2 protein chains.
Amino acid sequence: MTTIKKIAELANVSTATVSKIINGKDQYISEATRQKVLEIVEREGYIPNGVAKSLKMRRTKTIGIILPDVMNLFFSELARGAEDAAEKEGYSVILCNTDNKELKEEKYLNILHEKMVDGIIMTAAEGSMNKSVKISKTPMVLVDRDIELDKPVGRITVNNEEGAFMATKFLIEKGCKNIGFISSQKKNKPSAERLKGYRRALKENGLEVDEKKIFLQNFTIASGYEGVMALLERNKVDGIFCGNDLIAIGAIQALKENNLKVPKDVKVIGFDDISMSQFMDPPLTTIKQPIYQLGEEAVKMLVAIIGKKDIDMHKVLRTELIERGSC
Amino acid sequence: MTTIKKIAELANVSTATVSKIINGKDQYISEATRQKVLEIVEREGYIPNGVAKSLKMRRTKTIGIILPDVMNLFFSELARGAEDAAEKEGYSVILCNTDNKELKEEKYLNILHEKMVDGIIMTAAEGSMNKSVKISKTPMVLVDRDIELDKPVGRITVNNEEGAFMATKFLIEKGCKNIGFISSQKKNKPSAERLKGYRRALKENGLEVDEKKIFLQNFTIASGYEGVMALLERNKVDGIFCGNDLIAIGAIQALKENNLKVPKDVKVIGFDDISMSQFMDPPLTTIKQPIYQLGEEAVKMLVAIIGKKDIDMHKVLRTELIERGSC
DNA sequence: ATGAAAGCGCTAACAG
DNA sequence: CTGTTAGCGCTTTCAT
């Protein structure tokens, strides 16, 4: 393996000189030695040892991203936004899937600390109250889900309550009188806020909130399916606000199986606007979150924190209604 | 920051002793000192510095995964399979998106080398003939796409030609006489092989291969859409074999816009069986690849290579026909 | 059963 | 303009 030392020997200079040249700190280096060293570096195919550099510099130019599951379109888009931004900022990203399990979250947090990542972006597991999260000195930004923490961390979220309000109101304006809500559980913060928005919209429009029309389980297609089956059993509904698009996909599936037409018999609106939503049949009307941008902003904020910049530690991005075919 | 040195001082032992205890190489350590040290480690919340360890040990327990785009459901599933397997093997994974650009591929390869990853899993950019790929001494396994390389690397692929043959044959058995093929370009190896399978199936069943019914562009929804538009302009088709499911999704979209019913007027079959395919309308009939397993097998092979195990460097996984509603 | 010491490859303060 | 040197935190050989 070619090291700085070997280059130094071959060029008859010190390692310090080589280091300076490689890192562009060569204001005081003669052009002659600069050329000579660069030539040898090239010829030998020298690759700097980043590990040694990191040890010395006490930074790894690596960040960790902890999320439930990259296979979930929401998180893959988030991850992509984060990776792109990280690349621009000169960082690499280590990917960690938790499946919403606190145990895995804890494990990854430990690994990332040992690996001395410069910062961590995390969508906390539902209800996570991690010891490691609280203790860690590593800069961190929480995306999508807020959790209670006594140390200062960055936060990137979206106006969930308002988005949900918009969604429900839209359903009402389309003439729905019996509007169901299918979402994840309340310990999932975004889900809880969307529930609030749903309630407020009903109340402000003179509609009664019927707890039997609320089905809270998971942010999955399966839950959407089961939610509709459960709702249909005990209610008549003419509109459903789904806590995310995956749920909406499952819901529509179930509605079709019950010979209910969307949007004629039942109108459905989702949340997120994941990339596939527009290709569903009918194409999903939904509350769009700037998912990719969420990832981008998370690393921008993280990089700012790492660089000890004085910034606002909470950023709220805006949602937007996208009207398509499902209501 | 707590270091091994500090622990050693607090416990009145040498750093060597602490190191041995931490790493379980404590056969010759008295139970008394072991307890004492462990206690202090716990109390101080000591976290080993993985960077220093890596420098000394000359391994990072990290692998890189290079792929076109995690937002593409195929690759997110592949990445998930890889990450899960890596976690089991004690490795972390650095995620790199290339968008199929050789330049980005090259850049990431360099970064990964500098970061001293123990191995690399890569879905090479189309037509990639990377200098870095050829030079690198880092263990590597290529997934999905084979590229020509003069050094020994692991390969995990799928029987593409055969899968395509199955797909096309299935369309023929369903009564299609005019079968189009929409896929990515030939420089994409899997696409080229699927084209071969398509051709062979037509020939072996007495059907003529009509170059005007072949549309080669990208593995994207947009290409599927454009492909159908192009085919419809100059041909009548009653069946389309799509090189992957994304193309199939775009194709069905375009077909619907042309008031053609799927599968009644035109039968469509895809390739991959990405997770969303079953939720399309109609649900996609497709050739399933074991995508998640592809990722898993890739890291298993990579870990074996890193460990200098003597293994078969080429593994071919099998495809399987999944019949659903689109033909 | 324990410790001293060398060294992984690099950077940077300081000296010359 | 260039080199010497000390260490970053860890593992491991070899003594004791």
# chains A, B, ... in the order shown; residues from 1 in each chain; ligands from 1

call {"tool": "interface_residues", "arguments": {"of": "chain B", "to": "chain D", "cutoff": "10 Å", "atoms": "only C-alpha atoms (C1' of nucleotides)", "output": "number ranges by chain"}}
result
B: 3-5, 15-16, 19-20, 48-57

call {"tool": "closest_atom_pairs", "arguments": {"of": "chain C", "to": "chain B", "cutoff": "8 Å", "atoms": "only C-alpha atoms (C1' of nucleotides)", "output": "JSON lines"}}
result
{"residue": "C:DA1", "atom": "C1'", "partner": "B:Ile29", "partner_atom": "CA", "distance": 5.7}
{"residue": "C:DT2", "atom": "C1'", "partner": "B:Thr17", "partner_atom": "CA", "distance": 7.0}
{"residue": "C:DG3", "atom": "C1'", "partner": "B:Ser14", "partner_atom": "CA", "distance": 5.9}
{"residue": "C:DC8", "atom": "C1'", "partner": "B:Lys56", "partner_atom": "CA", "distance": 4.6}
{"residue": "C:DG9", "atom": "C1'", "partner": "B:Leu55", "partner_atom": "CA", "distance": 7.9}

call {"tool": "write_last_selection", "arguments": {"atoms": "C-alpha atoms (C1' of nucleotides)", "output": "PDB file, in the first residue's frame"}}
result
ATOM      1  C1'  DA C   1      -1.404 -12.233  35.050  1.00  0.00           C
ATOM      2  C1'  DT C   2       0.253  -7.746  33.502  1.00  0.00           C
ATOM      3  C1'  DG C   3       2.832  -4.043  31.140  1.00  0.00           C
ATOM      4  C1'  DC C   8      -1.042   1.845  11.937  1.00  0.00           C
ATOM      5  C1'  DG C   9      -0.893   6.721   8.304  1.00  0.00           C
TER       6       DG C   9
END

call {"tool": "interface_residues", "arguments": {"of": "chain B", "to": "chain A", "cutoff": "8 Å", "atoms": "only C-alpha atoms", "output": "NGL selection string"}}
result
:B and (47-52 or 54-55 or 69-71 or 73 or 76-77 or 79-80 or 83-84 or 92-97 or 113-116 or 249 or 253 or 279-281)

call {"tool": "select_by_dssp", "arguments": {"residues": "stretch 32-218 of chain B", "states": "helix (DSSP H, G or I)", "output": "MDAnalysis selection string"}}
result
chainID B and resid 32:44 50:57 73:89 102:114 131:135 160:173 189:204 211:213

call {"tool": "select_by_dssp", "arguments": {"residues": "stretch 78-326 of chain B", "states": "strand (DSSP E or B)", "output": "VMD selection string"}}
result
chain B and resid 92 to 97 119 to 122 140 to 143 154 to 158 179 to 184 214 to 217 239 to 242 267 to 272 285 to 288 314 to 317 320 to 322

call {"tool": "residues_around", "arguments": {"residues": "stretch 141-144 of chain B", "least_positions_apart": "4", "cutoff": "8 Å", "atoms": "only C-alpha atoms (C1' of nucleotides)", "output": "compact mmCIF listing (two decimals) with N, CA, C and O atoms, in the first residue's frame"}}
result
# COMPACT_ATOMS: atom_id res chain seq x y z
N ILE B 120 -16.95 -3.67 -1.61
CA ILE B 120 -17.92 -2.85 -2.34
C ILE B 120 -18.91 -3.72 -3.11
O ILE B 120 -18.51 -4.69 -3.75
N ILE B 121 -20.18 -3.35 -3.00
CA ILE B 121 -21.21 -3.99 -3.81
C ILE B 121 -21.67 -2.96 -4.82
O ILE B 121 -21.91 -1.81 -4.47
N MET B 122 -21.76 -3.39 -6.06
CA MET B 122 -22.05 -2.37 -7.06
C MET B 122 -22.96 -2.87 -8.17
O MET B 122 -22.82 -3.98 -8.67
N THR B 123 -23.92 -2.04 -8.51
CA THR B 123 -24.66 -2.21 -9.75
C THR B 123 -24.06 -1.18 -10.69
O THR B 123 -24.32 0.01 -10.57
N ALA B 124 -23.21 -1.66 -11.56
CA ALA B 124 -22.41 -0.76 -12.40
C ALA B 124 -23.29 0.12 -13.27
O ALA B 124 -24.35 -0.30 -13.74
N VAL B 153 -13.89 -10.59 -9.68
CA VAL B 153 -14.85 -10.00 -8.74
C VAL B 153 -16.02 -10.95 -8.63
O VAL B 153 -16.25 -11.77 -9.52
N GLY B 154 -16.77 -10.83 -7.54
CA GLY B 154 -17.94 -11.67 -7.40
C GLY B 154 -19.07 -11.15 -8.27
O GLY B 154 -19.11 -9.98 -8.62
N ARG B 155 -19.96 -12.03 -8.64
CA ARG B 155 -21.10 -11.61 -9.44
C ARG B 155 -22.36 -12.32 -8.97
O ARG B 155 -22.36 -13.52 -8.76
N ILE B 156 -23.40 -11.55 -8.84
CA ILE B 156 -24.70 -12.12 -8.51
C ILE B 156 -25.66 -11.68 -9.60
O ILE B 156 -25.86 -10.48 -9.81
N THR B 157 -26.19 -12.62 -10.32
CA THR B 157 -27.15 -12.25 -11.36
C THR B 157 -28.35 -13.16 -11.31
O THR B 157 -28.50 -13.98 -10.40
N VAL B 158 -29.15 -13.01 -12.34
CA VAL B 158 -30.41 -13.72 -12.41
C VAL B 158 -30.50 -14.27 -13.83
O VAL B 158 -29.84 -13.77 -14.73
N PRO B 190 -28.70 -6.70 -18.42
CA PRO B 190 -29.94 -7.44 -18.23
C PRO B 190 -30.95 -7.15 -19.34
O PRO B 190 -31.65 -8.06 -19.80
N LEU B 294 -31.09 -10.93 -3.68
CA LEU B 294 -29.95 -10.50 -4.48
C LEU B 294 -29.00 -9.67 -3.61
O LEU B 294 -27.78 -9.86 -3.63
N GLY B 295 -29.58 -8.76 -2.85
CA GLY B 295 -28.78 -7.92 -1.97
C GLY B 295 -28.12 -8.73 -0.87
O GLY B 295 -26.94 -8.57 -0.57
N ALA B 298 -25.36 -10.87 -2.19
CA ALA B 298 -24.21 -10.04 -2.54
C ALA B 298 -23.32 -9.80 -1.33
O ALA B 298 -22.10 -9.95 -1.41
N MET B 301 -21.58 -13.06 -0.23
CA MET B 301 -20.43 -13.36 -1.08
C MET B 301 -19.27 -12.41 -0.78
O MET B 301 -18.12 -12.82 -0.69
N LEU B 302 -19.62 -11.16 -0.61
CA LEU B 302 -18.58 -10.16 -0.34
C LEU B 302 -17.84 -10.48 0.95
O LEU B 302 -16.60 -10.46 1.00
